[in-house]
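> Please read through the structure below; I'll follow up with questions.
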Amino acid sequence: MQFQQYPQKRHGLSLAIAIALLGSFSAAAQPSMPDGSDPAAGAAAGGASVQGQVPTADVGAQHAQQTQSSTSSTAPIDLATIVVTANKRSELLQNVPMAVSAVSGDDLRREGANSFADYATQIPGLNLISTAAGQTQLVLRGITSGSGQANASVSTYIDDAPYGSSTVYAIGGLLTPDIDPADIERIEVLRGPQGTLYGANSLGGLVKFVTTPPDATRAYGRVTVGYDSVSGGGSGLTERAMFNVPLIEDKLALRVNAYHRDDPGYIDNVATGKSEVNEDTVSGGRAQVLWTPNDKVSVRFSALAQNLSGDGLANAGVEVDPTTLKPIYGYQKQSRAAGTGLFKVKYRLYDLSINADLGWATLVSSSSYGTQRVNQDQDVTMAYGPMLNPAFGLANGGYSISDPITLGKFTQELRLQSSTEQTLAWRAGVFYTRENTTNHQAINVFDATTGAPIDLPSLAEISIGPGIFKEWAGYADVTWHATSQLSVLVGARYTHDSTTYTQTSSGLLTGPSQFTSRSTDTPTTFLVNPSFKFNDNLMAYVRVASGFRPGGANVGVPPGLGAPATFKPDKLTSYELGFKSTLLDRSMVFDADVFYIDWSQIQLASTAGNFSFLGNGGKAKSQGVEANWKYEPLRGLVLSANASWTDATLTQDTPPGLYGYNGDRLPWVPKWNANAGVDYNFPLGGGWSGFVGGSYRYVGARMTDFLSEPGPRFTVPSYHGVDLHAGVYVGNWTIRGYVKNLTNARGITSLSSETEDPRGSPFAASYVPPRTVGVTVGLDF
């Protein structure tokens with residue numbers, strides 16, 4: 001039996017069990033510290049994303065003073081000083097020869113942003129497939145096989161530590177870590193494959209949370225409280241606190257932040273009479289210690305914890321008619337069996353980074369250990385009730401799938417890199433990771449009205465564990481600065497990975513079985529990246545890069561049924577041409593790129609002997625254009641816009657049994673995305689200053705998942721959204737207000753059938769949250 005969330009079905013075991021039932025009754029950190037060699041390193045070391053400014057996280061009174069002085073200054077406006085660590089070196093964003101976007105933590109907090117959904121459209125080419133809080137797939141440049149994609153195509157890093165699963169055994173495609181922005185300095189998004197530097201699962205790109213480092217020069221802190229209310233739903237409270245303390249002046253510092261959010265719900269369950277069943281609670285924090293014994297060595301240790309829980313998040317969808325997409329019970333109403341919907345996830349990450357300037361090179365060590373604990377219980381009564389209730393003589397039987405998952409992941413990276421200023425700048429590194437996964441799924445039977453258990457023999461249980469994934473990799477790159485204008489970067493990475501796991505099955509529907517599977521792969525990725533600077537303000541580049549996702553031992557299929565024992569890595573090669581420009585005395589930046597991606601051996605679900613498994617089949621291409629523009633026509637006023645056009649289609653039919661043909665669009669990829677924004681910071685006099693801003697977003701129409709034959713697929717319409725924010729700084733106080741989704745747009749972010757038929761009604765639709773109004777008050781000290 002397959003237990004992963006493959007494209008045909010959003011809930012774990014349901015498709016495979018449904019197939020079996022039909023058969024049986026008719027006959028699933030590195031810190032943003034400098035490497036000691038880069039011109040931009042000084043800004044990065046201070047925790048600032050803009051040179052010459054204090055860290056973006058430290059606002060309040062300082063921000064008020066900055067705003068008033070900057071708005072009255074006659075100094076030239078400069079938008080080109082954002083520092084990023086996308087290439088694992090501190091560099092100015094406009095000097096990085098690839099498509100990179102950066103969103104500052106200060107902007108996120110000012111807009112009331114708490115999750116990917118709040119800022120995704122600010123990034124060209126980034127889309128989300130989301131069912132509920134904590135259950136989101138990131139898609140960059142159209143690289144996805146659908147909402148049930150078993151393994152992530154976009155990597156997630158926190159500083160220099162990879163986080164989240166690299167395998168199909170822990171629902172890595174859906175459980176993307178969505179970290180609260182309480183102490184985030186910035187979020188960097190790298191578009192296109194990053195296989196050479198970042199390895200597995202970065203074939204679409206990478207999202208990197210860069211945290212604010214401790215400061216050993218001064219003590220300071222911040223506390224904020226917030227309130228928000230959602231249209232047609234409830235209200236929530238947010239509390240955040242941060243303090244930074246030098247333990248040894250200029251040598252050792254501690255930074256601690258903690259937060260708690262009650263995110264309001266807005267969906268009512270008409271079957272049980274409960275309101276706001278999709279509300280959730282997020283709490284956590286991060287502690288960091290930075291030790292710089294001298295100007296050659298820095299040691300940074302951090303520990304992160306975040307918990308997310310909700311009693312109805314596993315059932316967050318609203319039932320709709322798949323043809324008209326009209327809600328059956330009402331826009332914010334669902335009908336789910338009592339006692340189901342629990343979803344809890346606990347993130348933990350511990351990382352240690354050491355930087356040592358050896359003079360002739362810099363040595364960087366990054367060690368991390370992360371855990372992820374998931375417990376969910378999803379209602380599948382609509383899928384199983386019509387078949388099982390008559391068979392067991394139940395009048396009102398309810399069914400759910402419980403699914404506890406554990407993940408432990410250790411990583412170690414060592415790299416040695418030269419100064420970037422020499423003619424041949426080089427870098428070499430080794431990487432190791434080990435994942436240990438357990439996954440146990442079971443079907444529960446209960447009274448659908450009361451939730452009381454019904455005593456029946458076990459229907460189905462599948463246990464995976466331990467599932468062990470190991471990866472060894474070595475990589476190297478060389479940048480030849482041929483002239484002061486022309487540079488050529490060439491790199492490669494060799495990877496050896498292995499998977500082994502034991503599966504045990506039992507129950508009336510699955511029968512007893514136990515077996516162990518193993519697999520190994522040795523993928524190689526490469527990068528060729530020449531760039532040419534016409535002058536200090538204009539650069540063009542070409543980037544040819546490859547990426548992969550690991551293969552593995554097939555899950556759920558007992559030996560002897562004709563299914564392959566393993567599935568292979570899927571791979572892609574990307575061709576990108578772009579330019580970056582700084583105009584009008586550095587008050588305007590404009591970047592654009594075109595890309596073409598050739599994707600092969602796509603990991604897709606197939607069936608054998610009434611069991612579902614992963615196989616390799618089909619090819620696809622994704623081609624597109626991305627553009628990003630920002631302009632500061634006068635001090636304090638910033639205009640911005642971005643847009644992307646993505647044409648992602650199959651270039652080969654899917655394997656037999658799936659409704660996907662040459663020329664069909666890939667699932668959940670809009671052809672058009674766009675975002676436009678305006679922000680204005682201004683002095684008010686008397687020690688006061690203010691800000692006001694807003695943004696408009698557009699997400700185009702999308703096609704749903706590849707379904708089993710005979711199809712067809714469904715079209716999800718486009719949607720628009722408007723967000724507003726405003727606030728004031730006075731003394732050490734900050735007061736902010738915001739409105740998200742001002743027009744109360746009903747954009748659909750996920751859609752799948754709740755029955756055993758992938759086209760059967762009803763479908764469950766997830767929407768962007770309704771209009772949300774909030775206010776926060778902060779005090780810096």
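Residue numbers start at 1 in each chain; chains themselves are named A, B, ... in the order of the structure tokens; ligands are numbered from 1 in the order shown.
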Looking only at the backbone, which of the residues in stretch 335-537 of chain A does DSSP tag as helix (DSSP H, G or I), as a ChimeraX atom specification?
/A:381-392
> Residues as selected, N, CA, C and O atoms, written as a PDB file, in the first residue's frame, can you do that?

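Generated file (part16.pdb):
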```
ATOM      1  N   THR A 381     -14.003  10.053   5.601  1.00  0.00           N
ATOM      2  CA  THR A 381     -15.316   9.402   5.591  1.00  0.00           C
ATOM      3  C   THR A 381     -15.951   9.436   4.208  1.00  0.00           C
ATOM      4  O   THR A 381     -16.584   8.461   3.768  1.00  0.00           O
ATOM      5  N   MET A 382     -15.823  10.549   3.493  1.00  0.00           N
ATOM      6  CA  MET A 382     -16.405  10.642   2.165  1.00  0.00           C
ATOM      7  C   MET A 382     -15.795   9.622   1.209  1.00  0.00           C
ATOM      8  O   MET A 382     -16.448   9.155   0.273  1.00  0.00           O
ATOM      9  N   ALA A 383     -14.532   9.260   1.430  1.00  0.00           N
ATOM     10  CA  ALA A 383     -13.870   8.302   0.560  1.00  0.00           C
ATOM     11  C   ALA A 383     -14.237   6.862   0.903  1.00  0.00           C
ATOM     12  O   ALA A 383     -14.511   6.048   0.016  1.00  0.00           O
ATOM     13  N   TYR A 384     -14.264   6.530   2.198  1.00  0.00           N
ATOM     14  CA  TYR A 384     -14.421   5.136   2.595  1.00  0.00           C
ATOM     15  C   TYR A 384     -15.823   4.762   3.033  1.00  0.00           C
ATOM     16  O   TYR A 384     -16.226   3.606   2.957  1.00  0.00           O
ATOM     17  N   GLY A 385     -16.581   5.756   3.543  1.00  0.00           N
ATOM     18  CA  GLY A 385     -17.909   5.446   4.066  1.00  0.00           C
ATOM     19  C   GLY A 385     -18.817   4.731   3.090  1.00  0.00           C
ATOM     20  O   GLY A 385     -19.446   3.709   3.455  1.00  0.00           O
ATOM     21  N   PRO A 386     -18.953   5.198   1.846  1.00  0.00           N
ATOM     22  CA  PRO A 386     -19.859   4.519   0.914  1.00  0.00           C
ATOM     23  C   PRO A 386     -19.505   3.062   0.655  1.00  0.00           C
ATOM     24  O   PRO A 386     -20.382   2.260   0.334  1.00  0.00           O
ATOM     25  N   MET A 387     -18.233   2.688   0.798  1.00  0.00           N
ATOM     26  CA  MET A 387     -17.831   1.298   0.560  1.00  0.00           C
ATOM     27  C   MET A 387     -17.855   0.467   1.836  1.00  0.00           C
ATOM     28  O   MET A 387     -18.339  -0.671   1.847  1.00  0.00           O
ATOM     29  N   LEU A 388     -17.331   1.048   2.931  1.00  0.00           N
ATOM     30  CA  LEU A 388     -17.142   0.246   4.136  1.00  0.00           C
ATOM     31  C   LEU A 388     -18.393   0.148   5.003  1.00  0.00           C
ATOM     32  O   LEU A 388     -18.627  -0.887   5.635  1.00  0.00           O
ATOM     33  N   ASN A 389     -19.189   1.199   5.077  1.00  0.00           N
ATOM     34  CA  ASN A 389     -20.372   1.141   5.943  1.00  0.00           C
ATOM     35  C   ASN A 389     -21.317   0.011   5.567  1.00  0.00           C
ATOM     36  O   ASN A 389     -21.765  -0.740   6.445  1.00  0.00           O
ATOM     37  N   PRO A 390     -21.678  -0.184   4.290  1.00  0.00           N
ATOM     38  CA  PRO A 390     -22.519  -1.337   3.955  1.00  0.00           C
ATOM     39  C   PRO A 390     -21.835  -2.667   4.256  1.00  0.00           C
ATOM     40  O   PRO A 390     -22.481  -3.625   4.696  1.00  0.00           O
ATOM     41  N   ALA A 391     -20.514  -2.736   4.030  1.00  0.00           N
ATOM     42  CA  ALA A 391     -19.807  -3.988   4.260  1.00  0.00           C
ATOM     43  C   ALA A 391     -19.783  -4.369   5.736  1.00  0.00           C
ATOM     44  O   ALA A 391     -19.866  -5.552   6.084  1.00  0.00           O
ATOM     45  N   PHE A 392     -19.681  -3.368   6.627  1.00  0.00           N
ATOM     46  CA  PHE A 392     -19.620  -3.642   8.063  1.00  0.00           C
ATOM     47  C   PHE A 392     -20.963  -3.452   8.762  1.00  0.00           C
ATOM     48  O   PHE A 392     -21.038  -3.579   9.987  1.00  0.00           O
TER      49      PHE A 392
END
```
> For A:Val544, please output as an MDAnalysis selection string all residues within 10 Å (counting only C-alpha atoms; exclusion window: fewer than 5 positions along the same chain).
chainID A and resid 192:193 490 526:530 573:577 595:597
> Would you write out those residues with N, CA, C and O atoms, as a PDB file, in the first residue's frame?

```
ATOM      1  N   GLY A 192      15.806  28.904  -9.901  1.00  0.00           N
ATOM      2  CA  GLY A 192      16.573  28.024 -10.760  1.00  0.00           C
ATOM      3  C   GLY A 192      17.363  27.027  -9.944  1.00  0.00           C
ATOM      4  O   GLY A 192      17.575  27.205  -8.736  1.00  0.00           O
ATOM      5  N   PRO A 193      17.833  25.939 -10.567  1.00  0.00           N
ATOM      6  CA  PRO A 193      18.500  24.866  -9.812  1.00  0.00           C
ATOM      7  C   PRO A 193      19.765  25.343  -9.128  1.00  0.00           C
ATOM      8  O   PRO A 193      20.541  26.131  -9.682  1.00  0.00           O
ATOM      9  N   VAL A 490      32.700  28.231 -13.022  1.00  0.00           N
ATOM     10  CA  VAL A 490      32.463  26.844 -13.415  1.00  0.00           C
ATOM     11  C   VAL A 490      32.505  25.989 -12.156  1.00  0.00           C
ATOM     12  O   VAL A 490      33.432  26.123 -11.335  1.00  0.00           O
ATOM     13  N   PHE A 526      26.160  20.298 -12.306  1.00  0.00           N
ATOM     14  CA  PHE A 526      27.189  21.205 -12.812  1.00  0.00           C
ATOM     15  C   PHE A 526      26.641  22.614 -12.919  1.00  0.00           C
ATOM     16  O   PHE A 526      25.425  22.853 -12.874  1.00  0.00           O
ATOM     17  N   LEU A 527      27.552  23.567 -13.079  1.00  0.00           N
ATOM     18  CA  LEU A 527      27.198  24.973 -13.218  1.00  0.00           C
ATOM     19  C   LEU A 527      28.231  25.665 -14.095  1.00  0.00           C
ATOM     20  O   LEU A 527      29.440  25.528 -13.873  1.00  0.00           O
ATOM     21  N   VAL A 528      27.739  26.400 -15.105  1.00  0.00           N
ATOM     22  CA  VAL A 528      28.569  27.272 -15.923  1.00  0.00           C
ATOM     23  C   VAL A 528      27.902  28.639 -15.914  1.00  0.00           C
ATOM     24  O   VAL A 528      26.734  28.768 -16.290  1.00  0.00           O
ATOM     25  N   ASN A 529      28.655  29.675 -15.468  1.00  0.00           N
ATOM     26  CA  ASN A 529      28.001  30.942 -15.170  1.00  0.00           C
ATOM     27  C   ASN A 529      28.906  32.134 -15.518  1.00  0.00           C
ATOM     28  O   ASN A 529      29.469  32.781 -14.644  1.00  0.00           O
ATOM     29  N   PRO A 530      29.042  32.460 -16.815  1.00  0.00           N
ATOM     30  CA  PRO A 530      29.804  33.660 -17.180  1.00  0.00           C
ATOM     31  C   PRO A 530      28.980  34.927 -16.965  1.00  0.00           C
ATOM     32  O   PRO A 530      27.747  34.916 -17.094  1.00  0.00           O
ATOM     33  N   THR A 573      17.976  20.424 -16.366  1.00  0.00           N
ATOM     34  CA  THR A 573      19.011  21.367 -16.758  1.00  0.00           C
ATOM     35  C   THR A 573      18.346  22.680 -17.116  1.00  0.00           C
ATOM     36  O   THR A 573      17.335  22.698 -17.840  1.00  0.00           O
ATOM     37  N   SER A 574      18.878  23.766 -16.587  1.00  0.00           N
ATOM     38  CA  SER A 574      18.286  25.088 -16.770  1.00  0.00           C
ATOM     39  C   SER A 574      19.252  25.980 -17.547  1.00  0.00           C
ATOM     40  O   SER A 574      20.463  25.980 -17.297  1.00  0.00           O
ATOM     41  N   TYR A 575      18.677  26.747 -18.487  1.00  0.00           N
ATOM     42  CA  TYR A 575      19.433  27.708 -19.279  1.00  0.00           C
ATOM     43  C   TYR A 575      18.829  29.087 -19.026  1.00  0.00           C
ATOM     44  O   TYR A 575      17.641  29.296 -19.256  1.00  0.00           O
ATOM     45  N   GLU A 576      19.651  30.007 -18.546  1.00  0.00           N
ATOM     46  CA  GLU A 576      19.141  31.308 -18.118  1.00  0.00           C
ATOM     47  C   GLU A 576      20.016  32.435 -18.662  1.00  0.00           C
ATOM     48  O   GLU A 576      21.245  32.352 -18.645  1.00  0.00           O
ATOM     49  N   LEU A 577      19.369  33.465 -19.166  1.00  0.00           N
ATOM     50  CA  LEU A 577      20.040  34.672 -19.616  1.00  0.00           C
ATOM     51  C   LEU A 577      19.403  35.847 -18.897  1.00  0.00           C
ATOM     52  O   LEU A 577      18.180  36.009 -18.931  1.00  0.00           O
ATOM     53  N   PHE A 595      14.395  32.151 -19.148  1.00  0.00           N
ATOM     54  CA  PHE A 595      14.928  30.831 -18.803  1.00  0.00           C
ATOM     55  C   PHE A 595      14.216  29.737 -19.583  1.00  0.00           C
ATOM     56  O   PHE A 595      13.078  29.904 -20.040  1.00  0.00           O
ATOM     57  N   TYR A 596      14.916  28.634 -19.728  1.00  0.00           N
ATOM     58  CA  TYR A 596      14.358  27.416 -20.324  1.00  0.00           C
ATOM     59  C   TYR A 596      14.868  26.244 -19.510  1.00  0.00           C
ATOM     60  O   TYR A 596      16.078  26.112 -19.277  1.00  0.00           O
ATOM     61  N   ILE A 597      13.964  25.386 -19.049  1.00  0.00           N
ATOM     62  CA  ILE A 597      14.311  24.251 -18.197  1.00  0.00           C
ATOM     63  C   ILE A 597      13.846  22.967 -18.858  1.00  0.00           C
ATOM     64  O   ILE A 597      12.682  22.853 -19.281  1.00  0.00           O
TER      65      ILE A 597
END
```
> Pick from A:Ala86, A:Val625, A:Leu79, A:Val245: nearest to A:Phe209, with only C-alpha atoms counted?
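When distances to A:Phe209 are compared using only C-alpha atoms, the smallest one comes from A:Ala86.
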> Counting only C-alpha atoms, what are the residues of stretch 418-504 of chain A within 12 Å of stretch 343-362 of chain A, and for each of them which pair of atoms is the nearest and at what distance in Å, to one decimal? Sort the table by chain and rising number, as a tab-separated table.

```
residue	atom	partner	partner_atom	distance
A:Ser418	CA	A:Ala361	CA	4.4
A:Ser419	CA	A:Ala361	CA	6.4
A:Thr420	CA	A:Ala361	CA	10.0
A:Glu421	CA	A:Ala361	CA	11.6
A:Gln422	CA	A:Trp360	CA	10.7
A:Ala425	CA	A:Ala361	CA	10.0
A:Trp426	CA	A:Ala361	CA	9.3
A:Arg427	CA	A:Ala361	CA	9.1
A:Ala428	CA	A:Thr362	CA	10.8
A:Gly429	CA	A:Thr362	CA	11.6
```
> Please identify all polymer residues within 10 Å of A:Ser640, counting only C-alpha atoms, omitting same-chain residues fewer than 6 positions from it, and present them as a PyMOL selection string.
chain A and resi 122+588-590+628-632+675-679+695
> Which residues are close to A:His260, i.e. within 6 Å by only C-alpha atoms, leaving aside same-chain residues fewer than 3 positions away? Reply as a PDB file with C-alpha atoms, in the first residue's frame.

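After the write, around34.pdb holds the following:
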```pdb
ATOM      1  CA  THR A 238       0.439  37.846  18.947  1.00  0.00           C
ATOM      2  CA  GLU A 239       3.234  38.419  21.464  1.00  0.00           C
ATOM      3  CA  VAL A 282       2.221  29.034  16.621  1.00  0.00           C
ATOM      4  CA  SER A 283       4.819  29.416  19.350  1.00  0.00           C
TER       5      SER A 283
END
```
> Mind checking which residues fall within 12 Å of A:Leu138, counting only C-alpha atoms, ignoring those fewer than 5 positions away in the same chain, and posting them as a ChimeraX atom specification?
/A:116-117,120-121,123,125-130,143-147,149,151-156,172-178,189,191,201-207,668-669,749
> Considering only C-alpha atoms, return as a short mmCIF file (atom, residue, chain, number, x, y, z; two decimals) with N, CA and C atoms, in the first residue's frame whatever protein or nucleic-acid residues lie within 6 Å of A:Gly310, sequence-local ones (same chain, fewer than 2 positions apart) excluded.

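File out26.cif, as written:
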```cif
data_model
loop_
_atom_site.label_atom_id
_atom_site.label_comp_id
_atom_site.auth_asym_id
_atom_site.auth_seq_id
_atom_site.Cartn_x
_atom_site.Cartn_y
_atom_site.Cartn_z
N ASP A 280 -5.29 28.21 14.47
CA ASP A 280 -4.05 27.52 14.85
C ASP A 280 -3.25 28.36 15.83
N GLY A 312 -8.31 21.47 13.67
CA GLY A 312 -9.03 21.22 12.42
C GLY A 312 -8.19 21.44 11.18
N LEU A 313 -6.88 21.61 11.32
CA LEU A 313 -6.05 21.95 10.16
C LEU A 313 -5.94 20.84 9.14
N PHE A 343 -3.88 18.50 13.58
CA PHE A 343 -2.59 18.63 12.90
C PHE A 343 -1.64 19.34 13.84
#
```
> My list of candidates is A:Ala605, A:Leu658, A:Val730, A:Ala745. Which is closest to A:Leu779 when distances are computed with only C-alpha atoms?
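Looking at the shortest contact to A:Leu779, the residue is A:Val730.
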> Just the number, please: distance in Å from atom CA of A:Thr433 to atom CA of A:Asn554, one decimal.
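Spanning atom CA of A:Thr433 to atom CA of A:Asn554 is a straight-line distance of 20.5 Å.
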> Using only C-alpha atoms for the distances, tell me which of A:Val168, A:Arg141, A:Tyr475, A:Leu634 is nearest to A:Leu666.
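Using only C-alpha atoms, A:Leu666 sits closest to A:Arg141.
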